[in-house]
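File shown here: upload.pdb, holding PDB, C-alpha atoms and all ligand atoms.
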ATOM      1  CA  MET O1485       5.191 -34.090  21.962
ATOM      2  CA  GLY O1486       8.261 -33.410  24.044
ATOM      3  CA  ILE O1487       9.299 -32.213  27.455
ATOM      4  CA  PRO O1488       7.740 -28.781  28.069
ATOM      5  CA  VAL O1489       9.386 -25.826  29.806
ATOM      6  CA  ILE O1490       7.214 -24.290  32.512
ATOM      7  CA  ASP O1491       7.975 -20.783  33.738
ATOM      8  CA  LEU O1492       7.225 -20.538  37.459
ATOM      9  CA  SER O1493       7.387 -16.761  37.725
ATOM     10  CA  GLY O1494       4.310 -15.407  39.467
ATOM     11  CA  ALA O1495       3.465 -18.881  40.788
ATOM     12  CA  LEU O1496       6.113 -19.442  43.453
ATOM     13  CA  VAL O1497       3.939 -18.511  46.419
ATOM     14  CA  PRO O1498       0.407 -19.618  47.320
ATOM     15  CA  GLY O1499      -2.086 -17.367  45.603
ATOM     16  CA  GLY O1500       0.542 -16.127  43.099
ATOM     17  CA  PRO O1501      -1.075 -14.454  40.053
ATOM     18  CA  ARG O1502       0.143 -17.076  37.542
ATOM     19  CA  SER O1503      -0.624 -20.112  39.719
ATOM     20  CA  ALA O1504      -3.730 -21.165  37.785
ATOM     21  CA  GLU O1505      -1.986 -20.813  34.410
ATOM     22  CA  VAL O1506       1.035 -22.792  35.628
ATOM     23  CA  ALA O1507      -1.270 -25.444  37.110
ATOM     24  CA  GLN O1508      -2.831 -25.915  33.673
ATOM     25  CA  GLN O1509       0.590 -26.352  32.085
ATOM     26  CA  LEU O1510       1.504 -28.846  34.805
ATOM     27  CA  ARG O1511      -1.622 -30.838  34.083
ATOM     28  CA  ALA O1512      -0.733 -31.047  30.391
ATOM     29  CA  ALA O1513       2.824 -32.205  31.216
ATOM     30  CA  ALA O1514       1.687 -34.610  33.930
ATOM     31  CA  THR O1515      -0.798 -36.360  31.660
ATOM     32  CA  SER O1516       1.837 -36.955  28.959
ATOM     33  CA  ALA O1517       5.597 -36.838  29.535
ATOM     34  CA  GLY O1518       5.404 -36.827  33.332
ATOM     35  CA  PHE O1519       8.527 -34.649  32.948
ATOM     36  CA  PHE O1520       8.935 -30.903  32.555
ATOM     37  CA  TYR O1521      11.635 -28.284  32.876
ATOM     38  CA  ILE O1522      11.097 -25.420  35.302
ATOM     39  CA  ARG O1523      12.565 -21.979  34.752
ATOM     40  CA  ASN O1524      12.395 -18.912  37.009
ATOM     41  CA  HIS O1525      12.158 -21.329  39.921
ATOM     42  CA  GLY O1526      13.700 -18.915  42.395
ATOM     43  CA  VAL O1527      16.893 -20.915  43.067
ATOM     44  CA  PRO O1528      19.957 -18.751  42.334
ATOM     45  CA  ALA O1529      22.446 -20.132  39.800
ATOM     46  CA  ASP O1530      25.322 -19.867  42.282
ATOM     47  CA  VAL O1531      23.503 -22.157  44.737
ATOM     48  CA  VAL O1532      23.314 -24.843  42.049
ATOM     49  CA  ALA O1533      26.933 -24.247  40.969
ATOM     50  CA  ARG O1534      28.095 -24.602  44.585
ATOM     51  CA  GLN O1535      26.220 -27.885  44.826
ATOM     52  CA  PHE O1536      28.030 -29.254  41.762
ATOM     53  CA  ASP O1537      31.339 -28.146  43.323
ATOM     54  CA  ILE O1538      30.626 -30.079  46.482
ATOM     55  CA  ALA O1539      29.427 -33.068  44.436
ATOM     56  CA  ARG O1540      32.798 -33.148  42.668
ATOM     57  CA  GLU O1541      34.711 -32.774  45.934
ATOM     58  CA  LEU O1542      32.756 -35.660  47.446
ATOM     59  CA  MET O1543      33.124 -37.985  44.479
ATOM     60  CA  GLU O1544      36.829 -37.203  44.123
ATOM     61  CA  LEU O1545      37.626 -38.400  47.651
ATOM     62  CA  PRO O1546      39.914 -41.430  47.556
ATOM     63  CA  LEU O1547      38.089 -44.701  47.007
ATOM     64  CA  GLU O1548      39.039 -46.063  50.434
ATOM     65  CA  ARG O1549      37.472 -43.014  52.117
ATOM     66  CA  ARG O1550      34.313 -43.422  50.086
ATOM     67  CA  GLU O1551      34.225 -47.097  51.004
ATOM     68  CA  ALA O1552      34.642 -46.223  54.688
ATOM     69  CA  LEU O1553      31.517 -44.054  54.391
ATOM     70  CA  SER O1554      29.562 -46.560  52.309
ATOM     71  CA  ILE O1555      25.762 -46.751  52.428
ATOM     72  CA  GLN O1556      26.369 -50.274  53.702
ATOM     73  CA  HIS O1557      27.363 -48.752  57.038
ATOM     74  CA  SER O1558      24.140 -46.737  57.316
ATOM     75  CA  PRO O1559      20.780 -48.339  58.199
ATOM     76  CA  ILE O1560      19.061 -45.665  56.098
ATOM     77  CA  MET O1561      21.436 -45.794  53.109
ATOM     78  CA  ARG O1562      23.227 -42.489  53.589
ATOM     79  CA  GLY O1563      26.771 -42.210  52.286
ATOM     80  CA  PHE O1564      28.594 -43.416  49.198
ATOM     81  CA  GLU O1565      27.156 -45.894  46.731
ATOM     82  CA  ALA O1566      29.751 -47.813  44.704
ATOM     83  CA  LEU O1567      29.819 -48.136  40.934
ATOM     84  CA  GLY O1568      27.390 -50.925  39.986
ATOM     85  CA  ALA O1569      25.788 -51.116  43.441
ATOM     86  CA  GLN O1570      22.286 -50.439  42.179
ATOM     87  CA  THR O1571      20.380 -52.074  39.321
ATOM     88  CA  LEU O1572      17.454 -49.814  38.484
ATOM     89  CA  ASP O1573      16.350 -51.983  35.541
ATOM     90  CA  ALA O1574      16.323 -55.641  36.550
ATOM     91  CA  SER O1575      16.714 -56.731  32.898
ATOM     92  CA  ALA O1576      19.847 -54.575  32.403
ATOM     93  CA  ARG O1577      23.369 -54.672  33.815
ATOM     94  CA  PRO O1578      24.155 -52.965  37.138
ATOM     95  CA  ASP O1579      24.107 -49.152  36.809
ATOM     96  CA  LEU O1580      27.342 -47.442  35.765
ATOM     97  CA  LYS O1581      26.996 -44.702  38.326
ATOM     98  CA  GLU O1582      28.306 -43.911  41.778
ATOM     99  CA  SER O1583      26.672 -41.549  44.219
ATOM    100  CA  PHE O1584      26.717 -39.814  47.540
ATOM    101  CA  TYR O1585      23.387 -39.824  49.361
ATOM    102  CA  CYS O1586      22.392 -37.514  52.178
ATOM    103  CA  GLY O1587      19.230 -36.174  53.742
ATOM    104  CA  MET O1588      17.702 -33.864  56.297
ATOM    105  CA  ASN O1589      19.288 -33.518  59.692
ATOM    106  CA  TRP O1590      16.343 -34.787  61.766
ATOM    107  CA  PRO O1591      16.584 -34.387  65.544
ATOM    108  CA  ALA O1592      17.578 -37.684  67.180
ATOM    109  CA  GLU O1593      14.402 -37.636  69.290
ATOM    110  CA  HIS O1594      12.062 -37.507  66.281
ATOM    111  CA  PRO O1595       9.879 -40.644  66.562
ATOM    112  CA  TYR O1596      10.693 -41.758  63.001
ATOM    113  CA  VAL O1597      14.426 -41.477  63.713
ATOM    114  CA  GLN O1598      13.941 -43.480  66.888
ATOM    115  CA  ALA O1599      12.012 -46.113  64.929
ATOM    116  CA  GLY O1600      14.714 -46.258  62.240
ATOM    117  CA  HIS O1601      12.364 -45.482  59.363
ATOM    118  CA  GLN O1602      13.946 -45.089  55.944
ATOM    119  CA  THR O1603      15.327 -41.571  55.229
ATOM    120  CA  TYR O1604      14.885 -40.318  58.823
ATOM    121  CA  GLY O1605      18.252 -40.302  60.494
ATOM    122  CA  PRO O1606      21.806 -39.087  60.281
ATOM    123  CA  SER O1607      23.846 -38.762  57.105
ATOM    124  CA  GLN O1608      27.527 -39.730  57.040
ATOM    125  CA  TRP O1609      29.850 -36.776  56.428
ATOM    126  CA  PRO O1610      33.538 -36.986  55.486
ATOM    127  CA  GLU O1611      35.656 -35.056  57.971
ATOM    128  CA  GLU O1612      37.992 -33.872  55.200
ATOM    129  CA  LEU O1613      35.139 -31.769  53.735
ATOM    130  CA  PRO O1614      33.913 -29.894  56.821
ATOM    131  CA  HIS O1615      31.747 -27.520  54.745
ATOM    132  CA  ALA O1616      29.842 -30.332  52.967
ATOM    133  CA  GLN O1617      27.092 -30.818  55.532
ATOM    134  CA  ALA O1618      26.037 -27.169  55.751
ATOM    135  CA  ILE O1619      26.064 -26.737  51.972
ATOM    136  CA  CYS O1620      24.034 -29.890  51.335
ATOM    137  CA  GLU O1621      21.543 -29.119  54.098
ATOM    138  CA  ALA O1622      20.997 -25.592  52.783
ATOM    139  CA  TYR O1623      20.399 -27.027  49.304
ATOM    140  CA  ILE O1624      17.950 -29.576  50.751
ATOM    141  CA  ASP O1625      16.035 -26.742  52.508
ATOM    142  CA  THR O1626      15.778 -24.895  49.202
ATOM    143  CA  MET O1627      14.638 -28.022  47.355
ATOM    144  CA  ASN O1628      12.106 -28.834  50.086
ATOM    145  CA  ALA O1629      10.454 -25.445  49.680
ATOM    146  CA  LEU O1630      10.420 -25.728  45.883
ATOM    147  CA  SER O1631       9.063 -29.292  45.980
ATOM    148  CA  LEU O1632       6.281 -28.369  48.398
ATOM    149  CA  ARG O1633       5.318 -25.534  46.060
ATOM    150  CA  LEU O1634       5.245 -27.994  43.140
ATOM    151  CA  MET O1635       2.935 -30.229  45.183
ATOM    152  CA  GLN O1636       0.656 -27.245  45.791
ATOM    153  CA  LEU O1637       0.579 -26.433  42.080
ATOM    154  CA  LEU O1638      -0.135 -30.104  41.342
ATOM    155  CA  ALA O1639      -3.054 -29.921  43.808
ATOM    156  CA  LEU O1640      -4.382 -26.860  41.972
ATOM    157  CA  SER O1641      -3.987 -28.659  38.665
ATOM    158  CA  LEU O1642      -6.284 -31.389  40.024
ATOM    159  CA  GLU O1643      -8.870 -28.766  41.010
ATOM    160  CA  LEU O1644      -8.117 -29.390  44.671
ATOM    161  CA  PRO O1645      -7.273 -26.768  47.301
ATOM    162  CA  GLU O1646      -3.658 -25.643  46.990
ATOM    163  CA  ASP O1647      -2.804 -27.132  50.386
ATOM    164  CA  HIS O1648      -4.337 -30.552  49.655
ATOM    165  CA  PHE O1649      -1.016 -32.446  49.894
ATOM    166  CA  ASP O1650       0.541 -30.275  52.622
ATOM    167  CA  ALA O1651      -0.339 -32.640  55.483
ATOM    168  CA  ALA O1652       1.078 -35.692  53.667
ATOM    169  CA  CYS O1653       4.295 -33.722  53.074
ATOM    170  CA  LYS O1654       4.702 -32.391  56.617
ATOM    171  CA  ASP O1655       7.732 -34.524  57.498
ATOM    172  CA  PRO O1656       8.710 -35.576  53.987
ATOM    173  CA  MET O1657      11.109 -38.374  53.114
ATOM    174  CA  VAL O1658      13.796 -36.610  51.155
ATOM    175  CA  THR O1659      17.039 -37.793  49.620
ATOM    176  CA  LEU O1660      19.672 -35.751  47.868
ATOM    177  CA  ARG O1661      21.842 -37.754  45.495
ATOM    178  CA  MET O1662      25.012 -36.465  43.936
ATOM    179  CA  ALA O1663      25.739 -38.872  41.100
ATOM    180  CA  ARG O1664      28.766 -39.346  38.884
ATOM    181  CA  TYR O1665      28.514 -41.357  35.684
ATOM    182  CA  PRO O1666      31.715 -42.527  33.982
ATOM    183  CA  ALA O1667      31.814 -42.178  30.194
ATOM    184  CA  HIS O1668      29.726 -44.843  28.502
ATOM    185  CA  PRO O1669      32.139 -47.706  27.718
ATOM    186  CA  GLU O1670      33.004 -48.070  24.057
ATOM    187  CA  GLY O1671      31.380 -51.097  22.503
ATOM    188  CA  ALA O1672      29.045 -51.574  25.467
ATOM    189  CA  ASP O1673      26.003 -53.719  24.750
ATOM    190  CA  GLU O1674      22.410 -52.518  24.748
ATOM    191  CA  ARG O1675      21.955 -53.705  28.333
ATOM    192  CA  THR O1676      24.518 -51.192  29.625
ATOM    193  CA  PHE O1677      23.290 -47.953  31.237
ATOM    194  CA  GLY O1678      24.449 -45.289  33.656
ATOM    195  CA  ALA O1679      21.013 -45.654  35.178
ATOM    196  CA  GLY O1680      18.758 -48.377  33.818
ATOM    197  CA  ALA O1681      15.187 -47.552  32.814
ATOM    198  CA  HIS O1682      13.088 -46.893  35.898
ATOM    199  CA  THR O1683      10.403 -44.684  37.327
ATOM    200  CA  ASP O1684      11.116 -42.636  40.429
ATOM    201  CA  TRP O1685       9.458 -43.788  43.602
ATOM    202  CA  GLY O1686       8.247 -40.698  45.395
ATOM    203  CA  ALA O1687       6.204 -37.619  44.573
ATOM    204  CA  VAL O1688       8.483 -35.229  42.694
ATOM    205  CA  THR O1689      12.149 -35.310  41.701
ATOM    206  CA  VAL O1690      13.961 -32.031  41.033
ATOM    207  CA  LEU O1691      17.070 -32.692  38.974
ATOM    208  CA  ALA O1692      20.067 -30.479  38.317
ATOM    209  CA  GLN O1693      22.245 -31.888  35.547
ATOM    210  CA  ASP O1694      25.542 -30.715  34.142
ATOM    211  CA  ALA O1695      25.900 -29.640  30.504
ATOM    212  CA  HIS O1696      26.702 -33.104  29.070
ATOM    213  CA  GLY O1697      23.189 -34.516  28.780
ATOM    214  CA  GLY O1698      22.528 -38.237  28.782
ATOM    215  CA  LEU O1699      19.118 -38.426  30.453
ATOM    216  CA  GLU O1700      16.413 -39.919  28.244
ATOM    217  CA  VAL O1701      12.686 -40.046  28.939
ATOM    218  CA  GLN O1702      10.126 -42.489  27.617
ATOM    219  CA  MET O1703       7.017 -40.853  26.206
ATOM    220  CA  PRO O1704       3.561 -42.464  26.422
ATOM    221  CA  ASP O1705       3.964 -43.680  22.793
ATOM    222  CA  GLY O1706       7.059 -45.660  23.827
ATOM    223  CA  SER O1707       9.636 -43.395  22.129
ATOM    224  CA  TRP O1708      12.704 -42.180  24.058
ATOM    225  CA  VAL O1709      13.535 -38.465  23.951
ATOM    226  CA  PRO O1710      16.608 -36.756  25.395
ATOM    227  CA  ALA O1711      16.127 -34.372  28.336
ATOM    228  CA  THR O1712      18.733 -32.023  26.914
ATOM    229  CA  PRO O1713      20.123 -29.688  29.599
ATOM    230  CA  ILE O1714      18.707 -26.151  29.468
ATOM    231  CA  GLU O1715      20.701 -23.515  31.302
ATOM    232  CA  GLY O1716      18.944 -22.158  34.380
ATOM    233  CA  CYS O1717      16.336 -24.918  34.376
ATOM    234  CA  PHE O1718      15.757 -27.929  36.573
ATOM    235  CA  VAL O1719      14.193 -31.061  35.160
ATOM    236  CA  VAL O1720      11.229 -32.171  37.260
ATOM    237  CA  ASN O1721       9.606 -35.552  37.052
ATOM    238  CA  LEU O1722       6.724 -37.191  38.826
ATOM    239  CA  GLY O1723       7.331 -40.342  40.847
ATOM    240  CA  ASP O1724       5.115 -43.357  41.474
ATOM    241  CA  MET O1725       3.143 -41.684  44.282
ATOM    242  CA  ILE O1726       1.537 -39.363  41.742
ATOM    243  CA  PRO O1727      -0.182 -41.988  39.536
ATOM    244  CA  ARG O1728      -1.318 -43.639  42.763
ATOM    245  CA  TRP O1729      -2.699 -40.328  44.014
ATOM    246  CA  THR O1730      -4.367 -39.548  40.672
ATOM    247  CA  ASN O1731      -5.592 -43.045  39.753
ATOM    248  CA  GLY O1732      -3.258 -43.122  36.759
ATOM    249  CA  LEU O1733      -4.275 -39.731  35.357
ATOM    250  CA  TYR O1734      -0.782 -38.287  35.942
ATOM    251  CA  HIS O1735       2.246 -40.295  34.851
ATOM    252  CA  SER O1736       5.568 -41.298  36.378
ATOM    253  CA  ASN O1737       7.435 -41.944  33.157
ATOM    254  CA  PRO O1738      10.386 -44.312  32.751
ATOM    255  CA  HIS O1739      13.737 -42.682  32.200
ATOM    256  CA  ARG O1740      17.345 -43.830  31.885
ATOM    257  CA  VAL O1741      20.835 -42.409  31.588
ATOM    258  CA  ARG O1742      23.717 -43.120  29.230
ATOM    259  CA  ASN O1743      26.726 -40.801  29.400
ATOM    260  CA  LEU O1744      27.337 -40.883  25.650
ATOM    261  CA  HIS O1745      28.056 -37.257  24.793
ATOM    262  CA  SER O1746      30.603 -35.997  27.305
ATOM    263  CA  GLY O1747      33.722 -36.669  25.237
ATOM    264  CA  GLY O1748      34.963 -39.132  27.829
ATOM    265  CA  ALA O1749      34.366 -36.895  30.873
ATOM    266  CA  PRO O1750      32.271 -38.043  33.813
ATOM    267  CA  ARG O1751      28.729 -36.696  33.958
ATOM    268  CA  TYR O1752      27.423 -35.229  37.203
ATOM    269  CA  SER O1753      23.789 -34.928  38.144
ATOM    270  CA  ILE O1754      22.026 -33.995  41.362
ATOM    271  CA  PRO O1755      18.534 -35.422  41.760
ATOM    272  CA  PHE O1756      16.527 -34.390  44.799
ATOM    273  CA  PHE O1757      13.866 -36.949  45.676
ATOM    274  CA  TYR O1758      10.842 -35.631  47.549
ATOM    275  CA  GLU O1759       8.397 -38.085  48.993
ATOM    276  CA  PRO O1760       5.418 -37.835  51.322
ATOM    277  CA  GLU O1761       6.014 -38.665  54.964
ATOM    278  CA  PHE O1762       6.538 -42.315  55.905
ATOM    279  CA  PHE O1763       2.975 -43.081  57.010
ATOM    280  CA  ALA O1764       1.175 -40.918  54.446
ATOM    281  CA  ARG O1765      -1.596 -43.016  52.962
ATOM    282  CA  ILE O1766      -1.537 -42.799  49.198
ATOM    283  CA  GLU O1767      -4.869 -43.334  47.484
ATOM    284  CA  ALA O1768      -6.818 -41.744  44.649
ATOM    285  CA  VAL O1769      -7.735 -38.107  45.348
ATOM    286  CA  PRO O1770     -11.302 -36.845  44.841
ATOM    287  CA  GLY O1771     -12.359 -36.545  41.242
ATOM    288  CA  THR O1772      -9.966 -39.140  39.803
ATOM    289  CA  VAL O1773     -12.060 -42.317  40.101
ATOM    290  CA  ALA O1774     -15.214 -42.412  37.979
ATOM    291  CA  PRO O1775     -18.410 -43.173  39.932
ATOM    292  CA  GLY O1776     -18.941 -46.930  40.164
ATOM    293  CA  GLU O1777     -15.350 -47.755  39.146
ATOM    294  CA  ALA O1778     -12.733 -49.356  41.367
ATOM    295  CA  PRO O1779      -9.440 -47.462  41.872
ATOM    296  CA  LYS O1780      -6.536 -48.779  39.772
ATOM    297  CA  TYR O1781      -4.104 -49.078  42.700
ATOM    298  CA  PRO O1782      -4.652 -50.454  46.177
ATOM    299  CA  PRO O1783      -3.902 -47.870  48.881
ATOM    300  CA  CYS O1784      -0.368 -48.006  50.315
ATOM    301  CA  THR O1785       1.784 -45.930  52.595
ATOM    302  CA  ALA O1786       4.658 -43.960  51.129
ATOM    303  CA  GLY O1787       7.113 -45.809  53.394
ATOM    304  CA  GLU O1788       5.947 -49.251  52.282
ATOM    305  CA  HIS O1789       6.539 -48.349  48.660
ATOM    306  CA  LEU O1790       9.933 -46.770  49.281
ATOM    307  CA  ASN O1791      11.194 -49.747  51.285
ATOM    308  CA  GLU O1792      10.060 -52.153  48.601
ATOM    309  CA  MET O1793      11.925 -50.212  45.911
ATOM    310  CA  TYR O1794      15.159 -50.028  47.921
ATOM    311  CA  GLN O1795      14.994 -53.777  48.431
ATOM    312  CA  LYS O1796      14.387 -54.471  44.754
ATOM    313  CA  THR O1797      17.057 -52.210  43.303
ATOM    314  CA  TYR O1798      19.813 -52.861  45.827
ATOM    315  CA  GLY O1799      19.130 -56.577  46.100
ATOM    316  CA  LEU O1800      18.513 -56.172  49.826
ATOM    317  CA  LYS O1801      17.251 -59.318  51.463
ATOM    318  CA  GLN O1802      15.512 -57.962  54.514
ATOM    319  CA  ALA O1803      12.720 -55.446  54.792
ATOM    320  CA  THR O1804      13.363 -52.424  56.979
ATOM    321  CA  GLU O1805      11.080 -52.675  59.951
ATOM    322  CA  GLN O1806       7.849 -50.811  59.484
ATOM    323  CA  THR O1807       6.357 -50.717  62.917
ATOM    324  CA  GLU O1808       4.127 -47.736  63.615
ATOM    325  CA  ALA O1809       5.981 -45.037  65.572
ATOM    326  CA  ALA O1810       5.117 -45.168  69.246
TER     327      ALA O1810
HETATM  328  O1  LIG O1901      21.142 -38.512  36.387
HETATM  329  C1  LIG O1901      20.053 -38.257  35.895
HETATM  330  O2  LIG O1901      19.908 -37.430  34.995
HETATM  331  C2  LIG O1901      18.806 -38.953  36.380
HETATM  332  C3  LIG O1901      19.049 -39.845  37.545
HETATM  333  C4  LIG O1901      17.842 -40.599  37.937
HETATM  334  O3  LIG O1901      16.957 -40.844  37.173
HETATM  335  C5  LIG O1901      17.714 -41.064  39.331
HETATM  336  O4  LIG O1901      18.680 -40.957  40.098
HETATM  337  O5  LIG O1901      16.610 -41.521  39.691
HETATM  338 FE    FE O1902      15.184 -41.420  38.241
END
What is this structure when it is put down as structure tokens?
Amino acid sequence: MGIPVIDLSGALVPGGPRSAEVAQQLRAAATSAGFFYIRNHGVPADVVARQFDIARELMELPLERREALSIQHSPIMRGFEALGAQTLDASARPDLKESFYCGMNWPAEHPYVQAGHQTYGPSQWPEELPHAQAICEAYIDTMNALSLRLMQLLALSLELPEDHFDAACKDPMVTLRMARYPAHPEGADERTFGAGAHTDWGAVTVLAQDAHGGLEVQMPDGSWVPATPIEGCFVVNLGDMIPRWTNGLYHSNPHRVRNLHSGGAPRYSIPFFYEPEFFARIEAVPGTVAPGEAPKYPPCTAGEHLNEMYQKTYGLKQATEQTEAA
């Protein structure tokens, strides 16, 4: 058992000739590791390389500039996150990572922007990197299309129509994180991580990682395996919405990061978090609850879950308002 590599060629568009075969492979991965690599995903290598360049430029801005554009100044947590700001595993130390978060450029008149719902609203852009916004937004567009296709293949894998999740993903909550992990401190204790063990919160995460490695995934038997970087591949993992949608059939596996193998260099990674729209109701899809049995999870909205997780992992005291958009 490990993390499989799934080749998406012939399955990138609805009705593609390999869609059914890929859906089967997805089902096998989703019922075990909850993680898989994708190759031949249609995203050119230079697009990913350019994204790592901009990640480095952002993270190398002087500390006082990053502090001026802190997530603390954004009601929807866009901007720079300081080292140790987040604690993904409550039993571990604060995460040894720092990040820049951005998202889609929603029009100001969109009702969710007006209501201030999490992820819908402006990002903060540093004026010294005038190209950053366009590059990040183009990358987000590419990741949105890929993630929607993954949702369609997941629908197929559940013997549902390919477009089953399309409506829930119409105005998705998306977040692009560009993360930098300092080298793992020498002599650090076993409670020290770049990112503490956690599951992701949304539907799918598409991760680009540099060549250093450091991501580890927990298998259903409890063992931890490295998600060793494979050139040309993204790592994809399923977030908590997926077990909720599949009544536990598909897994969102715990994972963690320790930058142990970079020879002292920082590690960069770029996760793209794709979540259903704020008010999407997440409950078991047809065929996943046996007749006469109760579903394992109570229904929730995607926004409720996301807000709860932000509050937990950033130690936020107050819930973001969740009033229905007018
Ligand atoms: O940096 C990585 O490889 C994974 C990061 C991660 O798990 C996260 O940001 O949720
Ligand atoms: Fe994660």
- Convert the output of the PyMOL selection byres (((not hetatm)) within 8 of (chain O and resi 1902)) on the shown file into explicit residues, formatted as a PyMOL selection string. chain O and resi 1679+1682-1684+1689+1738-1740+1755
- Close residues, stretch 1537-1554 of chain O itself excluded, 9 Å, all atoms listed in the file, min 2 positions apart in chain, as an MDAnalysis selection string: chainID O and resid 1532:1535 1556:1558 1561:1566 1582:1584 1608:1610 1612:1613 1615:1616 1619:1620 1661:1664 1752:1754
5 Å per side around ligand LIG 1901 (chain O): axis-aligned box centre and edge lengths, as lines of an AutoDock Vina configuration file:
center_x = 18.9
center_y = -39.5
center_z = 37.5
size_x = 14.5
size_y = 14.1
size_z = 15.1
- Got a sec to resolve the PyMOL selection byres (((chain O and resi 1789) around 12) and not hetatm) on this structure and send the residues as a PyMOL selection string? chain O and resi 1602+1657+1684-1687+1723-1725+1728+1759-1766+1782-1788+1790-1796+1803-1804+1806
Writing out the chosen residues with C-alpha atoms as a PDB file, keeping the file's coordinate frame:
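Output file out-v1.pdb is given in full below:
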ATOM      1  CA  GLN O1602      13.946 -45.089  55.944  1.00  0.00           C
ATOM      2  CA  MET O1657      11.109 -38.374  53.114  1.00  0.00           C
ATOM      3  CA  ASP O1684      11.116 -42.636  40.429  1.00  0.00           C
ATOM      4  CA  TRP O1685       9.458 -43.788  43.602  1.00  0.00           C
ATOM      5  CA  GLY O1686       8.247 -40.698  45.395  1.00  0.00           C
ATOM      6  CA  ALA O1687       6.204 -37.619  44.573  1.00  0.00           C
ATOM      7  CA  GLY O1723       7.331 -40.342  40.847  1.00  0.00           C
ATOM      8  CA  ASP O1724       5.115 -43.357  41.474  1.00  0.00           C
ATOM      9  CA  MET O1725       3.143 -41.684  44.282  1.00  0.00           C
ATOM     10  CA  ARG O1728      -1.318 -43.639  42.763  1.00  0.00           C
ATOM     11  CA  GLU O1759       8.397 -38.085  48.993  1.00  0.00           C
ATOM     12  CA  PRO O1760       5.418 -37.835  51.322  1.00  0.00           C
ATOM     13  CA  GLU O1761       6.014 -38.665  54.964  1.00  0.00           C
ATOM     14  CA  PHE O1762       6.538 -42.315  55.905  1.00  0.00           C
ATOM     15  CA  PHE O1763       2.975 -43.081  57.010  1.00  0.00           C
ATOM     16  CA  ALA O1764       1.175 -40.918  54.446  1.00  0.00           C
ATOM     17  CA  ARG O1765      -1.596 -43.016  52.962  1.00  0.00           C
ATOM     18  CA  ILE O1766      -1.537 -42.799  49.198  1.00  0.00           C
ATOM     19  CA  PRO O1782      -4.652 -50.454  46.177  1.00  0.00           C
ATOM     20  CA  PRO O1783      -3.902 -47.870  48.881  1.00  0.00           C
ATOM     21  CA  CYS O1784      -0.368 -48.006  50.315  1.00  0.00           C
ATOM     22  CA  THR O1785       1.784 -45.930  52.595  1.00  0.00           C
ATOM     23  CA  ALA O1786       4.658 -43.960  51.129  1.00  0.00           C
ATOM     24  CA  GLY O1787       7.113 -45.809  53.394  1.00  0.00           C
ATOM     25  CA  GLU O1788       5.947 -49.251  52.282  1.00  0.00           C
ATOM     26  CA  LEU O1790       9.933 -46.770  49.281  1.00  0.00           C
ATOM     27  CA  ASN O1791      11.194 -49.747  51.285  1.00  0.00           C
ATOM     28  CA  GLU O1792      10.060 -52.153  48.601  1.00  0.00           C
ATOM     29  CA  MET O1793      11.925 -50.212  45.911  1.00  0.00           C
ATOM     30  CA  TYR O1794      15.159 -50.028  47.921  1.00  0.00           C
ATOM     31  CA  GLN O1795      14.994 -53.777  48.431  1.00  0.00           C
ATOM     32  CA  LYS O1796      14.387 -54.471  44.754  1.00  0.00           C
ATOM     33  CA  ALA O1803      12.720 -55.446  54.792  1.00  0.00           C
ATOM     34  CA  THR O1804      13.363 -52.424  56.979  1.00  0.00           C
ATOM     35  CA  GLN O1806       7.849 -50.811  59.484  1.00  0.00           C
TER      36      GLN O1806
END
- Rounded to one decimal place, report the atom CA of O:Glu1767-atom O3 of ligand LIG 1901 (chain O) distance in Å.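 One can read the atom CA of O:Glu1767 to atom O3 of ligand LIG 1901 (chain O) distance as 24.3 Å.
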- Query: Hey, what's within 8 Å of stretch 1509-1518 of chain O if we count all atoms listed in the file and toss same-chain stuff fewer than 4 positions away? As number ranges by chain, please?
  - Reply: O: 1486-1488, 1490, 1505, 1637-1638, 1641-1642, 1701-1704, 1721-1722, 1733-1737
For stretch 1729-1736 of chain O, supply N, CA and C atoms and report the output as an mmCIF file, in the coordinates of the input.
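File produced: part-v3.cif:
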data_model
loop_
_atom_site.group_PDB
_atom_site.id
_atom_site.type_symbol
_atom_site.label_atom_id
_atom_site.label_comp_id
_atom_site.auth_asym_id
_atom_site.auth_seq_id
_atom_site.Cartn_x
_atom_site.Cartn_y
_atom_site.Cartn_z
ATOM 1 N N TRP O 1729 -1.841 -41.371 43.459
ATOM 2 C CA TRP O 1729 -2.699 -40.328 44.014
ATOM 3 C C TRP O 1729 -3.760 -39.875 43.007
ATOM 4 N N THR O 1730 -3.457 -40.073 41.700
ATOM 5 C CA THR O 1730 -4.367 -39.548 40.672
ATOM 6 C C THR O 1730 -5.037 -40.677 39.890
ATOM 7 N N ASN O 1731 -4.969 -41.893 40.412
ATOM 8 C CA ASN O 1731 -5.592 -43.045 39.753
ATOM 9 C C ASN O 1731 -5.112 -43.198 38.308
ATOM 10 N N GLY O 1732 -3.841 -42.915 38.088
ATOM 11 C CA GLY O 1732 -3.258 -43.122 36.759
ATOM 12 C C GLY O 1732 -3.411 -41.952 35.799
ATOM 13 N N LEU O 1733 -4.089 -40.890 36.247
ATOM 14 C CA LEU O 1733 -4.275 -39.731 35.357
ATOM 15 C C LEU O 1733 -2.924 -39.058 35.063
ATOM 16 N N TYR O 1734 -2.114 -38.885 36.087
ATOM 17 C CA TYR O 1734 -0.782 -38.287 35.942
ATOM 18 C C TYR O 1734 0.247 -39.422 35.901
ATOM 19 N N HIS O 1735 1.303 -39.204 35.127
ATOM 20 C CA HIS O 1735 2.246 -40.295 34.851
ATOM 21 C C HIS O 1735 3.577 -40.145 35.591
ATOM 22 N N SER O 1736 4.144 -41.280 35.973
ATOM 23 C CA SER O 1736 5.568 -41.298 36.378
ATOM 24 C C SER O 1736 6.295 -42.045 35.261
#
